[in-house]
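Undergrad: Pasting a structure here, questions to come.
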Amino acid sequence: MTDPKSLGVSGTADAAVAEVTARSGTGHPRSLASDAWHDLRRRPLFGISVGLIAVLLVLAAFPQLFTSADPTAGDLARSRRPPSAQAWFGYDLFGRDVYARTIYGTRVSIIVGVLATTLTVLVGGTMGILAGYYGGWIDGLLSRITDVFFALPFLLGAIVVLATFRESIGGGAIGITALVVLTMAGLSWPVAMRIMRSAAIAARQQDYVRAARGLGASPLRIIRRHMLPNCLAPVLVYATIALGAFIGAEATLSFLGIGLRDPVVSWGVMISEARQYLRVSPFLLLFPAGFLAVTVLAFVMLGDAVREAFDPRSR
Amino acid sequence: MGRYVLRRLLQLVPVLIGTTFLIYLLVWTIPGDPFAGKCGDRACPDSYITAMREKYNLDDSLLVQYGKYLASLVQGDFGETFSGIEVSELIANAYPVTLKLALVALVIEAVIGLVAGVLTGLRSGSFLDNLVLVSTLFLIAIPVFVTGFVLQITLGLRWGIIDPTVSAAANLSELIVPGFVLGSLSMAYVTRLTRTSIAENRRSDYVRTAVAKGLAPRRVVGVHLMRNSAIPVVTFLGVNLGELMGGAIVTEGIFNIRGIGGLVFGAILTKEVATVTGVVTLLVIVYLLMNLLVDVLYAVLDPRIRYD
C-alpha cells in the first residue's frame with residue numbers, strides 16, 4: 001500500500017449509483033443502512049477485521065498494559081540482540097526493546113491513519129458535495145483545482161512537501177506527526193472529492209431534493225439534511241480502505257527517510273531504522289512490518305466487507 | 001470524437017500550469033542556499049553569486065521567475081542545473097529506465113492479474129477463488145518495500161538466482177523482479193477488478209444469448225465476456241502507468257535502479273528547481289495523456305458509449 005490514490009478507481013464510485021437503487025429484497029422493507037448491517041453481521045471477514053481492529057485500538061490506547069519496558073530507553077550493551085525470553089522481539093541498534101517499541105508504535109501509526117483519513121474526507125467531501133450540488137462554474141473551478149492536485153504523483157509530491165517544511169517544524173513529536181498527516185491528506189483529498197461529487201450529482205436529480213427545493217429550503221439545509229445522508233456511504237467505504245492505505249503510506253514515507261523520525265515511535269520509523277541492518281538482523285524489520293501488514297489487512301478487509309454490503313449487485 | 005479529444009486537450013493546459021506552479025512554489029520554499037558548498041571549502045565570491053543569480057533569474061519575484069521558466073518550457077527547453085548540466089539531458093538518461101521499469105510492471109500485473117481474475121471470476125466460490133482472494137489481500141496489506149527487500153534477500157543473496165542490484169544498463173531480464181515488486185499492489189487490484197467484472201457480466205443477457213445460440217465456450221468468454229469486462233480494467237491499467245512511474249522511487253531505491261526517483265530525490269536536496277519541476281511535469285503529462293487515452297478507449301471497447 002504505497003499510494004492511497006490508486007484506491008478510488010476500483011468500484012467505490014459504483015456503490016454510489018447502486019446505493020440509490022438498493023432495497024431489501026426479502027419481505028418488509030428495510031433502510032439501506034440496516035440492510036447493509038444485516039448483511040455485514042453474517043460475513044466472517046467482517047468479524048475477523050473488527051476483532052483485529054479492536055485489539056489494535058486497545059494496544060493504541062493502553063500500551064502500558066502490554067509491556068513494562070520503556071520504548072525509548074536504550075542500552076548499547078544489548079545492541080541488536082536477537083529475540084529471547086527477556087525481550088520477545090529482540091533489541092534494536094540502540095538496545096531498545098523492539099517489542100515495547102512495536103506496541104507503543106501502534107498509537108502513532110493509528111493516529112496518523114485516522115487523522116489523515118478524517119482530513120481527506122472532510123476537505124474532499126465538502127468540496128465534492130458543493131461542486132456536485134451547485135454545478136456550473138463552481139463545479140468547473142473546484143474540479144480544475146482537484147485535477148491539479150490529483151495529477152501530482154503521491155510519493156514525489158509528498159517528498160517535495162516534506163522536504164520543504166522539514167526544517168521549519170522543529171524536532172517536536174507533534175510537529176513531525178502533524179506535517180506527515182497534512183501532507184498525506186493534502187495529496188489524497190481529490191479522490192474523496194471525486195467520489196462525493198459523483199454521488200452528489202446523482203442525488204441532485206432525485207425527487208426528494210427537487211421537492212425540498214420547491215418547498216423553499218435553503219441550499220445549506222438541502223445539502224445538510226437531504227444530500228449528505230444520501231451521499232455519505234461511498235465516501236465512508238473509501239475512507240475505511242484509505243485508512244489502511246494511509247498507515248502503509250506513513251511507513252513508506254518514513255522508510256524513505258522523510259516521514260516520521262525520532263523521537264516519534266512508529267512502525268515506519270522502526271522499519272526505516274532496520275533497513276541498514278536487514279542482512280544481519282532481519283527480525284528488526286520482521287516485527288514492525290508484520291504488525292503493519294496485519295493492521296492494513298484489517299482495515300482493507302473491513303472496507304471490502306462494507307463495500308460489498310452496500311453494493312446489492314454483489315449479493 | 002475529434003472535437004471531444006480537442007476539448008480535453010485544451011482542458012489539460014490549466015491543470016498543467018497549476019501543477020507546475022505548485023511544484024515550483026514548493027521547491028522554491030525549501031530552505032537552503034543553492035550555491036552553498038559550490039566553491040569547495042571557502043565561501044563563494046560575491047561576483048560568482050551575483051553572476052549566477054543573474055543567470056538563473058533568482059533576483060526576480062517568484063511569479064516572474066515562473067513565467068520565464070514556463071516560457072522556455074513551452075519552447076522545449078527544460079533549463080539547466082546550477083552546475084550547468086542540461087536538465088533535458090538528465091531526464092533523457094533517467095526517464096527511459098523508469099519508463100521501462102513501469103512498463104515491465106504493467107505487463108506483469110496485467111498478464112497475471114487478468115488470468116487470475118478471469119479464472120476466479122468464472123468459478124466464484126471455488127477453492128481457487130478463495131485462495132486468490134486471500135493472496136490479493138496479503139499483496140495489498142504488505143508494503144512494497146517489504147516485498148522488495150524479501151525478494152532481494154531470498155532470490156538475490158540467499159539463492160543467487162538474480163543479481164541483488166540492477167546494473168546501469170538496466171536490461172529487461174534484470175528488471176523482471178523489480179517490475180514484479182513495483183506492480184505487486186496493482187496486480188492485486190487488477191485481479192479483483194477483473195474477477196468482479198467477469199462475475200457480474202457472466203449473468204447478463206448477452207452472455208446467455210451467446211450460449212443459447214450455440215457458440216463455443218471459448219468464444220463466449222474470449223470475445224463476448226472479455227470485451228465488456230475489460231472496461232474497468234483498462235481504466236485502471238491506463239491510470240496506473242502514471243502512478244507506477246511516480247511510485248517507482250521505492251523500488252528504484254531498493255534495487256539501485258538509476259531512474260527518475262533518485263534524480264528527483266537528489267535534486268530536492270540540492271534545491272535544483274529546474275530538475276524537480278521538469279521531471280514532475282513530464283510525469284503529470286504522462287498521467288493526463290493516459291487518462292485521455294483511457295476515455296477514448298471506452299468508446300472503442302463499448303459501442304454504447306459515444307462522445308459528441
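So you can find residues: chains in the C-alpha cells are A, B, ... in the order shown, residues in each start at 1, and ligands are numbered from 1 in order.
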Using only C-alpha atoms and a distance of at most 6 Å, pull out the residues of chain A that contact chain B, as a list in words.
TA: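 Every residue meeting the condition is included here: Met1, Val148, Ala151, Pro153, Leu155, Thr164, Ala293, Val296 and Leu297 of chain A.
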Undergrad: Let me see the file: selected residues, C-alpha atoms, as a PDB file, in the first residue's frame.
TA:
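Wrote it out as part06.pdb, contents follow:
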```pdb
ATOM      1  CA  MET A   1       0.000   0.000   0.000  1.00  0.00           C
ATOM      2  CA  VAL A 148      -4.223  19.902 -10.301  1.00  0.00           C
ATOM      3  CA  ALA A 151      -2.273  14.868 -11.179  1.00  0.00           C
ATOM      4  CA  PRO A 153       2.194  11.811  -8.078  1.00  0.00           C
ATOM      5  CA  LEU A 155       5.162   9.858  -3.409  1.00  0.00           C
ATOM      6  CA  THR A 164      10.166  21.794   2.098  1.00  0.00           C
ATOM      7  CA  ALA A 293       0.688  -5.678   7.390  1.00  0.00           C
ATOM      8  CA  VAL A 296      -3.551  -2.646   6.909  1.00  0.00           C
ATOM      9  CA  LEU A 297      -5.098  -6.055   6.243  1.00  0.00           C
TER      10      LEU A 297
END
```
Undergrad: Can you list every residue in segment 33-189 of chain A that DSSP puts in alpha helix (DSSP H), as an MDAnalysis selection string?
TA: chainID A and resid 33:41 44:61 98:134 136:151 154:165 173:189
Undergrad: Take the residues from that selection and put them in a file with C-alpha atoms, as a compact mmCIF listing (two decimals), in the first residue's frame.
TA:
```txt
# COMPACT_ATOMS: atom_id res chain seq x y z
CA ALA A 33 -28.13 1.04 6.29
CA SER A 34 -29.92 -1.63 8.28
CA ASP A 35 -29.94 -3.85 5.23
CA ALA A 36 -26.19 -3.50 4.93
CA TRP A 37 -25.80 -4.10 8.67
CA HIS A 38 -27.80 -7.34 8.42
CA ASP A 39 -25.61 -8.43 5.57
CA LEU A 40 -22.40 -7.44 7.35
CA ARG A 41 -23.05 -9.40 10.51
CA PRO A 44 -16.80 -13.85 8.58
CA LEU A 45 -14.34 -11.29 7.13
CA PHE A 46 -16.22 -8.51 8.90
CA GLY A 47 -15.99 -10.31 12.27
CA ILE A 48 -12.27 -11.02 11.88
CA SER A 49 -11.40 -7.47 10.86
CA VAL A 50 -13.49 -5.87 13.61
CA GLY A 51 -11.82 -8.17 16.15
CA LEU A 52 -8.35 -7.26 14.88
CA ILE A 53 -9.13 -3.55 14.88
CA ALA A 54 -10.50 -3.77 18.44
CA VAL A 55 -7.25 -5.38 19.62
CA LEU A 56 -5.21 -2.70 17.82
CA LEU A 57 -7.28 0.08 19.37
CA VAL A 58 -6.68 -1.34 22.85
CA LEU A 59 -2.95 -1.55 22.04
CA ALA A 60 -3.02 2.07 20.93
CA ALA A 61 -4.98 3.31 23.92
CA VAL A 98 11.66 -3.88 19.91
CA TYR A 99 8.54 -5.41 21.47
CA ALA A 100 7.89 -2.29 23.56
CA ARG A 101 8.54 -0.05 20.56
CA THR A 102 6.20 -2.07 18.36
CA ILE A 103 3.44 -1.86 20.97
CA TYR A 104 3.93 1.87 21.52
CA GLY A 105 4.23 2.43 17.76
CA THR A 106 0.64 1.27 17.27
CA ARG A 107 -0.66 4.53 18.70
CA VAL A 108 1.19 6.85 16.31
CA SER A 109 0.50 4.69 13.27
CA ILE A 110 -3.23 4.57 14.02
CA ILE A 111 -3.44 8.26 14.93
CA VAL A 112 -1.72 9.20 11.67
CA GLY A 113 -4.09 6.98 9.70
CA VAL A 114 -7.24 8.24 11.42
CA LEU A 115 -6.31 11.93 11.24
CA ALA A 116 -5.23 11.77 7.59
CA THR A 117 -8.44 9.94 6.67
CA THR A 118 -10.61 12.42 8.60
CA LEU A 119 -8.97 15.39 6.92
CA THR A 120 -9.20 13.78 3.50
CA VAL A 121 -12.89 13.04 3.91
CA LEU A 122 -13.69 16.48 5.39
CA VAL A 123 -11.88 18.52 2.73
CA GLY A 124 -12.68 16.27 -0.23
CA GLY A 125 -16.24 15.63 0.89
CA THR A 126 -17.06 19.30 1.41
CA MET A 127 -15.64 20.32 -1.95
CA GLY A 128 -17.26 17.37 -3.69
CA ILE A 129 -20.74 17.99 -2.34
CA LEU A 130 -20.53 21.72 -3.12
CA ALA A 131 -19.32 21.02 -6.67
CA GLY A 132 -21.97 18.37 -7.20
CA TYR A 133 -24.84 20.42 -5.79
CA TYR A 134 -24.16 23.78 -7.41
CA GLY A 136 -21.90 25.33 -13.25
CA TRP A 137 -18.84 27.48 -12.75
CA ILE A 138 -18.38 26.43 -9.11
CA ASP A 139 -18.13 22.82 -10.24
CA GLY A 140 -15.76 23.81 -13.04
CA LEU A 141 -13.47 25.73 -10.71
CA LEU A 142 -13.43 23.13 -7.93
CA SER A 143 -12.93 20.30 -10.43
CA ARG A 144 -9.94 22.04 -12.02
CA ILE A 145 -8.36 22.62 -8.59
CA THR A 146 -8.95 18.95 -7.85
CA ASP A 147 -7.38 17.97 -11.17
CA VAL A 148 -4.22 19.90 -10.30
CA PHE A 149 -3.78 18.04 -7.01
CA PHE A 150 -4.93 14.74 -8.48
CA ALA A 151 -2.27 14.87 -11.18
CA PHE A 154 1.64 10.89 -4.40
CA LEU A 155 5.16 9.86 -3.41
CA LEU A 156 7.02 12.53 -5.35
CA GLY A 157 4.61 15.21 -4.18
CA ALA A 158 4.98 14.04 -0.60
CA ILE A 159 8.78 14.09 -0.87
CA VAL A 160 8.75 17.67 -2.13
CA VAL A 161 6.31 18.88 0.54
CA LEU A 162 8.01 17.06 3.41
CA ALA A 163 11.46 18.23 2.34
CA THR A 164 10.17 21.79 2.10
CA PHE A 165 8.77 22.08 5.60
CA ALA A 173 6.87 14.80 18.05
CA ILE A 174 3.58 16.66 17.48
CA GLY A 175 5.01 18.90 14.75
CA ILE A 176 6.57 16.00 12.84
CA THR A 177 3.37 13.94 13.01
CA ALA A 178 1.17 16.88 12.01
CA LEU A 179 3.30 17.59 8.95
CA VAL A 180 3.07 14.00 7.73
CA VAL A 181 -0.70 13.94 8.32
CA LEU A 182 -1.25 17.24 6.48
CA THR A 183 0.94 16.15 3.56
CA MET A 184 -0.85 12.86 3.07
CA ALA A 185 -4.28 14.45 3.36
CA GLY A 186 -3.27 17.32 1.06
CA LEU A 187 -2.32 14.89 -1.70
CA SER A 188 -5.24 12.47 -1.25
CA TRP A 189 -8.38 14.60 -0.88
```
Undergrad: So that I can see what lies close to segment 297-300 of chain B, please list as a list in words the residues with an atom at most 12 Å from it, counting only C-alpha atoms and leaving out residues fewer than 3 positions away in the same chain.
TA: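 In the requested format, the answer is Met1, Tyr4, Val5, Arg227, Asn228, Ser229, Ala230, Ile231, Pro232, Val233, Val234, Thr235, Phe236, Leu237, Gly238, Met290, Asn291, Leu292, Leu293, Val294, Pro303, Arg304, Ile305, Arg306, Tyr307 and Asp308 of chain B.
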Undergrad: Produce a file of the selected residues containing C-alpha atoms, as a PDB file, in the first residue's frame.
TA:
```
ATOM      1  CA  MET B   1     -14.739  12.254 -31.302  1.00  0.00           C
ATOM      2  CA  TYR B   4     -14.041  15.783 -27.776  1.00  0.00           C
ATOM      3  CA  VAL B   5     -10.321  14.983 -27.808  1.00  0.00           C
ATOM      4  CA  ARG B 227     -14.614  -7.284 -24.184  1.00  0.00           C
ATOM      5  CA  ASN B 228     -17.305  -5.949 -21.899  1.00  0.00           C
ATOM      6  CA  SER B 229     -15.498  -6.824 -18.713  1.00  0.00           C
ATOM      7  CA  ALA B 230     -12.310  -5.154 -19.909  1.00  0.00           C
ATOM      8  CA  ILE B 231     -13.600  -1.597 -19.477  1.00  0.00           C
ATOM      9  CA  PRO B 232     -12.938  -1.092 -15.743  1.00  0.00           C
ATOM     10  CA  VAL B 233      -9.651  -2.995 -16.042  1.00  0.00           C
ATOM     11  CA  VAL B 234      -8.470  -0.836 -18.938  1.00  0.00           C
ATOM     12  CA  THR B 235      -9.308   2.288 -16.931  1.00  0.00           C
ATOM     13  CA  PHE B 236      -7.279   1.036 -14.044  1.00  0.00           C
ATOM     14  CA  LEU B 237      -4.284  -0.052 -16.131  1.00  0.00           C
ATOM     15  CA  GLY B 238      -4.203   3.231 -18.036  1.00  0.00           C
ATOM     16  CA  MET B 290      -3.076   8.212 -20.246  1.00  0.00           C
ATOM     17  CA  ASN B 291      -6.342   9.404 -18.688  1.00  0.00           C
ATOM     18  CA  LEU B 292      -7.401  10.840 -22.028  1.00  0.00           C
ATOM     19  CA  LEU B 293      -6.377   7.675 -23.857  1.00  0.00           C
ATOM     20  CA  VAL B 294      -8.462   5.600 -21.460  1.00  0.00           C
ATOM     21  CA  PRO B 303     -20.056   0.863 -28.745  1.00  0.00           C
ATOM     22  CA  ARG B 304     -22.823   2.142 -26.453  1.00  0.00           C
ATOM     23  CA  ILE B 305     -20.544   4.953 -25.217  1.00  0.00           C
ATOM     24  CA  ARG B 306     -20.380   7.888 -27.604  1.00  0.00           C
ATOM     25  CA  TYR B 307     -18.814  11.303 -27.131  1.00  0.00           C
ATOM     26  CA  ASP B 308     -20.419  14.164 -29.032  1.00  0.00           C
TER      27      ASP B 308
END
```
Undergrad: At what distance in Å, to one decimal, does atom CA of Ala188 of chain B lie from atom CA of Glu109 of chain B?
TA: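 One can read the atom CA of Glu109 of chain B to atom CA of Ala188 of chain B distance as 8.1 Å.
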Undergrad: Ranking A:Arg81, A:Phe246, A:Met227, A:Pro288 by minimum distance to Arg210 of chain A and counting only C-alpha atoms, which one comes first?
TA: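 Going through A:Arg81, A:Phe246, A:Met227, A:Pro288 one by one, the smallest distance to Arg210 of chain A is for A:Met227.
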Undergrad: Report the distance between atom CA of Arg258 of chain B and atom CA of Ile161 of chain B in Å, rounded to one decimal place.
TA: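 For atom CA of Arg258 of chain B relative to atom CA of Ile161 of chain B, the distance reads 21.6 Å.
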Undergrad: One decimal, Å: what's the distance from atom CA of Met301 of chain A over to atom CA of Val235 of chain A, could you say?
TA: 16.3 Å
